[in-house]
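Notes follow the structure.
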Amino acid sequence: MTRYLAGRVVAGLVTLFLFVTILFLLARWLMPVREGFWGGSAWDNYTSFLSELAGADILRSAARGPLPWTLLIFVFAVGIAFPIGHKLGKYAGWRRGPTGSAGLTIGAVLMYTIFPPLLVFALIMLVSRFTNDQGIGFLRTMYNEGGLDSGVAWSMLITIAVVTIAVGAAAWAAARSYRKIPVLIWVLALVVVPFLLWARRGMIGEVADILTYLALPIVAVTILVAGEVILVSKVTTEEAAKEDFVFTAEAKGVPDREVRDHHVARYGLLPMLNKLMVSVPFILVGLMIVELSFGWAKLGAGCEGANCPSDPVGNSLGTLGYYVPGMSSQVFASLERRDPATVIQALVVVGIVVLIIRLVMEVLHAALDPRILTPGRNR
Amino acid sequence: MSIEVTAIQSGLRARKKARAEAWGRFKTSVPGMTGVVLLAIFAVMAVAYPILIRTVWDPTVYDPETGIDMVEVEKLYVREVTDPDTEVGRVEAFMSDMYSQPGDIVLVRAPAGIGLAHPLSTDASGRDVLAMLLAGASSAFVMAMTAALTTAIVAISIAAVAAYNGGWIDTVLSNISGALLLLPAPLLMIILGTSPAGEHIGPAQFGFLFGLLAGAGAAALVVRSQAVTTMQRPFIDTARTSGAGGSRIVFRHLVPHLIPLAAIAMLIGVTGAIVADAFVSFLAYGENRFSWGTMINTAITGRPNLRTLIHTEWHVMVIGGLAITLLAASFYLVAIGLHTAFDTPKFKR
């Protein structure tokens, strides 16, 4: 396992280096704007670009600012969308035939391809209808009270990570001792234990504030991600349903439902994880577009210039006064300032986040399927 | 008839039969057929606008950017001008039209009723929504088609070169694709579109650049793995031992096996291009052309609050947004249909 992990880390570093180089080439081509930034030869630029990246402490400044919010939305959205999408995709993929699952499939495609501003607009309209509010006032109270504390966000993320690992280890141990414990109990533990821990540490109020503040973006991203997960889960279920052991199970007279849940769906989990690994960056892009759509200055705005409230990086907030303080705000604030260096730094942070998420998923994959730890013909 | 000719004929017949069977499977896929129908509708829309504006539609009314159709309404009250010297006062004086009295019929810019002249009504500035919808279709369609073709060609070329040569060429190309995966094409195209360089990018260039990035990134990785397995199949060795050269192996034996997968990858990739393109124009960048994103942007810009937007122009926002969503969805649905068509089941369930 250690060797495998080390190999993946080295491969990730090589990818990161290539990624930064490609970014450099693109930035040099596209953004010849900042005075003095691109003077000198290409090689000099490249080395100074690399040293600037290494010296800028980009991860630390991102961690203090926008990163935890984007991660929180990602974790909650994926955490909600994955189990639901996996279940629905299982149904869609199992019923084969001309019409069986067409409605669900088309619905999932629409969820995946919906234009994010339209989704955001619909959500805001719904909320303002039910709260009888001109905007989404109840959401922005926290911002008015003096901003968001990224420390709390980080401790939320760490709690979730620790609880997930602990529950996963417990489930693994239980499975090895052949004790049948319903999946529902593990899911409940995953959901309830973090909140109990936050309540014990006396930060449940802040957590509730943050979750209310991020509720709408989380719902929007959940819808996008769920569409993707349903489609991937449907395809993997269809593939798994062709395996010989499914034929055997059916021939033995195992009930249809049991074949679907115990033989097909479980077998399909691994290829599904593999496919989702490729779509992590695309999920992050969708997330950033949703963030931007919420924070878009002109949505419901009647104000201009100094009258508008603005966020810490200088984006105008419009009269809604609501924004998501995630990675996208940093990228677009620096785009507006015509500052390629900061745009690239933000993109490098996004790349590092994708690499780390991918590494986590690879470890998960290796834990679920030890075959990939032994390099050989099976891979 | 010689044996060779019969062999070629039977080969051709087999290919024809395989195609017919694939189409037969495609027809059974409801999502796929839905996608084809939607795409056909969008294609008709893209062609319809230039024809309509040259024949039936009066450009002063139906131009998506400058056309105006006023609505006749009964004037209910006269607004009092607060202070005629200030900017606001002058605007008010202009708006309040002092020559008419309450009870008169006046022309104003407002959403028109739904009728034969304006099947989808007009927006608050009096522009026809159907005209905007059709005008946006052509640029979106051109963009999507360019993006799709470029993605497929780039992905197939990279995959074929990598799989045929193998070795260090394969390693370098796969690593570059892996690195590009960290920077998804939609995000980069949004950044490019909102940067100063993006102001002069037309729909076709946008699609081409997107296709380069997406084709060299995710799509190339997917197609390459298929190409590597294809290269290991016996018919490649047969071709090689019977004296086929490199280009013949690649074009006659390798590429045909990559096309279905590349088509699926390209159709799924195009959804990202459509959303990215629409999002750039939604953010009011790239203002030199009209698109569905522009339509939504003008619908929601400058409304004092949500309530006024909901009561006046929500239909512009929803129609534009739905058009973008459905165009993206239609490509994805066709991809699902293709997946069904080229998916040969081991046994019928």
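Going by the structure tokens order, chains are called A, B, ..., each with residues numbered from 1, while ligands are numbered from 1 in the order shown.
Every protein, DNA or RNA residue with an atom at most 12 Å from Ile165 (chain A), where only C-alpha atoms count and chain neighbours fewer than 3 positions away do not, is listed here: Ile158, Thr159, Ile160, Ala161, Val162, Gly168, Ala169, Ala170, Ala171, Trp172, Trp186, Ala189, Leu190, Val360, Val363, Leu364 and Ala367 of chain A.
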Next, dump the selected residues to file, keeping only C-alpha atoms, as a PDB file, in the first residue's frame.
ATOM      1  CA  ILE A 158     -11.482  17.939   9.359  1.00  0.00           C
ATOM      2  CA  THR A 159     -14.286  16.552  11.544  1.00  0.00           C
ATOM      3  CA  ILE A 160     -16.051  15.168   8.476  1.00  0.00           C
ATOM      4  CA  ALA A 161     -12.841  13.582   7.202  1.00  0.00           C
ATOM      5  CA  VAL A 162     -11.988  11.993  10.564  1.00  0.00           C
ATOM      6  CA  GLY A 168     -15.167   3.343   7.148  1.00  0.00           C
ATOM      7  CA  ALA A 169     -12.650   1.506   9.346  1.00  0.00           C
ATOM      8  CA  ALA A 170     -15.426   0.292  11.661  1.00  0.00           C
ATOM      9  CA  ALA A 171     -17.493  -0.925   8.717  1.00  0.00           C
ATOM     10  CA  TRP A 172     -14.457  -2.711   7.301  1.00  0.00           C
ATOM     11  CA  TRP A 186     -23.255   3.347   8.965  1.00  0.00           C
ATOM     12  CA  ALA A 189     -23.378   7.353  11.944  1.00  0.00           C
ATOM     13  CA  LEU A 190     -21.804   9.344   9.118  1.00  0.00           C
ATOM     14  CA  VAL A 360      -8.043  10.149  -1.872  1.00  0.00           C
ATOM     15  CA  VAL A 363      -6.572   5.179  -1.957  1.00  0.00           C
ATOM     16  CA  LEU A 364     -10.268   4.343  -1.579  1.00  0.00           C
ATOM     17  CA  ALA A 367      -8.783  -0.278  -0.246  1.00  0.00           C
TER      18      ALA A 367
END
Contact residues around Ile296 (chain B) with only C-alpha atoms at 7 Å, ignoring same-chain residues under 6 positions, as a VMD selection string: chain B and resid 282 316 to 317 320
Shell of 8 Å around Val324 (chain A), only C-alpha atoms, local chain residues under 5 positions omitted, as an MDAnalysis selection string: chainID A and resid 69 214 217 291:292 294:295 329
Restricted to N, CA and C atoms, what would the selected residues look like written as a PDB file, in the first residue's frame?
ATOM      1  N   TRP A  69     -14.455  27.130   1.670  1.00  0.00           N
ATOM      2  CA  TRP A  69     -15.871  27.250   1.302  1.00  0.00           C
ATOM      3  C   TRP A  69     -16.176  26.402   0.088  1.00  0.00           C
ATOM      4  N   LEU A 214     -24.640  28.544   3.141  1.00  0.00           N
ATOM      5  CA  LEU A 214     -24.239  27.827   1.926  1.00  0.00           C
ATOM      6  C   LEU A 214     -25.332  26.915   1.392  1.00  0.00           C
ATOM      7  N   PRO A 217     -26.248  27.223  -2.590  1.00  0.00           N
ATOM      8  CA  PRO A 217     -25.215  26.664  -3.474  1.00  0.00           C
ATOM      9  C   PRO A 217     -25.087  25.154  -3.335  1.00  0.00           C
ATOM     10  N   GLU A 291     -21.143  29.088  -7.991  1.00  0.00           N
ATOM     11  CA  GLU A 291     -20.698  30.143  -7.073  1.00  0.00           C
ATOM     12  C   GLU A 291     -20.813  31.514  -7.731  1.00  0.00           C
ATOM     13  N   LEU A 292     -20.296  31.581  -8.969  1.00  0.00           N
ATOM     14  CA  LEU A 292     -20.293  32.860  -9.674  1.00  0.00           C
ATOM     15  C   LEU A 292     -21.714  33.333  -9.966  1.00  0.00           C
ATOM     16  N   PHE A 294     -24.368  32.791  -8.265  1.00  0.00           N
ATOM     17  CA  PHE A 294     -24.968  33.353  -7.058  1.00  0.00           C
ATOM     18  C   PHE A 294     -24.410  34.735  -6.773  1.00  0.00           C
ATOM     19  N   GLY A 295     -23.096  34.864  -6.928  1.00  0.00           N
ATOM     20  CA  GLY A 295     -22.472  36.112  -6.549  1.00  0.00           C
ATOM     21  C   GLY A 295     -22.502  37.144  -7.650  1.00  0.00           C
ATOM     22  N   SER A 329     -14.567  33.472  -6.775  1.00  0.00           N
ATOM     23  CA  SER A 329     -14.502  34.917  -6.534  1.00  0.00           C
ATOM     24  C   SER A 329     -13.063  35.404  -6.679  1.00  0.00           C
TER      25      SER A 329
END
Residue neighbourhood region 111-126 of chain A, 7 Å, only C-alpha atoms, exclusion window fewer than 4 positions, as an mmCIF file with N, CA and C atoms, in the first residue's frame:
data_model
loop_
_atom_site.group_PDB
_atom_site.id
_atom_site.type_symbol
_atom_site.label_atom_id
_atom_site.label_comp_id
_atom_site.auth_asym_id
_atom_site.auth_seq_id
_atom_site.Cartn_x
_atom_site.Cartn_y
_atom_site.Cartn_z
ATOM 1 N N GLY A 107 -34.191 12.810 -17.497
ATOM 2 C CA GLY A 107 -34.189 13.717 -16.348
ATOM 3 C C GLY A 107 -32.781 13.951 -15.831
ATOM 4 N N PHE A 130 -41.227 31.476 -0.931
ATOM 5 C CA PHE A 130 -41.641 30.848 0.324
ATOM 6 C C PHE A 130 -41.341 31.708 1.531
ATOM 7 N N ILE A 136 -32.881 37.227 -0.876
ATOM 8 C CA ILE A 136 -32.676 36.080 -0.023
ATOM 9 C C ILE A 136 -32.049 36.592 1.261
ATOM 10 N N ALA A 220 -27.839 23.556 -5.312
ATOM 11 C CA ALA A 220 -27.616 23.679 -6.754
ATOM 12 C C ALA A 220 -26.558 22.686 -7.231
ATOM 13 N N ILE A 223 -27.697 19.077 -7.294
ATOM 14 C CA ILE A 223 -28.503 18.706 -8.467
ATOM 15 C C ILE A 223 -27.594 18.388 -9.650
ATOM 16 N N LEU A 224 -26.584 19.245 -9.889
ATOM 17 C CA LEU A 224 -25.668 18.994 -11.007
ATOM 18 C C LEU A 224 -24.943 17.661 -10.834
ATOM 19 N N VAL A 225 -24.387 17.461 -9.617
ATOM 20 C CA VAL A 225 -23.589 16.253 -9.380
ATOM 21 C C VAL A 225 -24.473 15.006 -9.443
ATOM 22 N N GLY A 227 -27.074 14.451 -11.232
ATOM 23 C CA GLY A 227 -27.299 14.085 -12.630
ATOM 24 C C GLY A 227 -26.147 13.266 -13.167
ATOM 25 N N GLU A 228 -24.929 13.753 -12.898
ATOM 26 C CA GLU A 228 -23.737 13.040 -13.365
ATOM 27 C C GLU A 228 -23.647 11.647 -12.751
ATOM 28 N N ILE A 289 -18.962 27.710 -11.389
ATOM 29 C CA ILE A 289 -19.957 28.455 -12.164
ATOM 30 C C ILE A 289 -21.171 28.765 -11.289
ATOM 31 N N VAL A 290 -21.564 27.798 -10.459
ATOM 32 C CA VAL A 290 -22.697 28.043 -9.556
ATOM 33 C C VAL A 290 -22.358 29.158 -8.569
ATOM 34 N N SER A 293 -22.595 32.378 -10.337
ATOM 35 C CA SER A 293 -23.960 32.775 -10.664
ATOM 36 C C SER A 293 -24.649 33.372 -9.446
ATOM 37 N N PHE A 294 -24.368 32.791 -8.265
ATOM 38 C CA PHE A 294 -24.968 33.353 -7.058
ATOM 39 C C PHE A 294 -24.410 34.735 -6.773
ATOM 40 N N THR B 271 -21.263 19.465 -24.348
ATOM 41 C CA THR B 271 -22.148 20.070 -23.346
ATOM 42 C C THR B 271 -21.387 21.126 -22.544
ATOM 43 N N VAL B 275 -22.240 25.250 -22.294
ATOM 44 C CA VAL B 275 -22.430 25.959 -21.031
ATOM 45 C C VAL B 275 -21.380 27.061 -20.881
ATOM 46 N N VAL B 318 -36.097 32.464 -18.644
ATOM 47 C CA VAL B 318 -36.379 31.024 -18.648
ATOM 48 C C VAL B 318 -36.248 30.450 -20.054
ATOM 49 N N GLY B 321 -32.503 30.328 -20.940
ATOM 50 C CA GLY B 321 -31.839 29.291 -20.151
ATOM 51 C C GLY B 321 -32.228 27.897 -20.600
ATOM 52 N N ILE B 324 -30.433 26.923 -23.836
ATOM 53 C CA ILE B 324 -29.058 26.478 -23.594
ATOM 54 C C ILE B 324 -29.057 25.068 -23.024
ATOM 55 N N THR B 325 -29.926 24.850 -22.007
ATOM 56 C CA THR B 325 -29.979 23.548 -21.358
ATOM 57 C C THR B 325 -30.333 22.448 -22.354
ATOM 58 N N ALA B 328 -27.538 21.646 -24.915
ATOM 59 C CA ALA B 328 -26.510 20.819 -24.284
ATOM 60 C C ALA B 328 -27.033 19.404 -24.056
ATOM 61 N N ALA B 329 -28.286 19.312 -23.592
ATOM 62 C CA ALA B 329 -28.854 17.992 -23.298
ATOM 63 C C ALA B 329 -28.985 17.155 -24.557
#
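Shortest separation to chain A among B:Leu180, B:Leu133, B:Ile153, B:Val44 occurs at residue B:Leu180, atoms counted being only C-alpha atoms.
When CA of Ile22 (chain A) is paired with CA of Leu183 (chain B), their separation reads 9.5 Å.
Going from CA of Ile190 (chain B) to CA of Phe49 (chain A) covers 22.9 Å.
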Excluding Gly24 (chain B) and any residue of its chain fewer than 4 positions from it, enumerate the residues within 8 Å of it, using only C-alpha atoms, and give them as a PDB file with N, CA and C atoms, in the first residue's frame.
ATOM      1  N   ALA B  20     -26.496  -1.197 -40.246  1.00  0.00           N
ATOM      2  CA  ALA B  20     -27.950  -1.253 -40.133  1.00  0.00           C
ATOM      3  C   ALA B  20     -28.354  -1.723 -38.741  1.00  0.00           C
ATOM      4  N   THR B  28     -34.007   2.044 -30.862  1.00  0.00           N
ATOM      5  CA  THR B  28     -34.716   1.578 -29.670  1.00  0.00           C
ATOM      6  C   THR B  28     -34.432   2.466 -28.465  1.00  0.00           C
ATOM      7  N   ALA B 341     -26.218   1.998 -29.256  1.00  0.00           N
ATOM      8  CA  ALA B 341     -26.080   1.456 -30.602  1.00  0.00           C
ATOM      9  C   ALA B 341     -24.818   0.607 -30.742  1.00  0.00           C
TER      10      ALA B 341
END
Who sits within 10 Å of Ser281 (chain B), only C-alpha atoms, same chain under 6 positions skipped, as a VMD selection string: chain B and resid 190 193 to 194 287 to 297
Alpha helix (DSSP H) positions in region 171-289 of chain A, given as a VMD selection string: chain A and resid 171 to 176 183 to 200 204 to 240 244 to 252 256 to 258 265 to 289
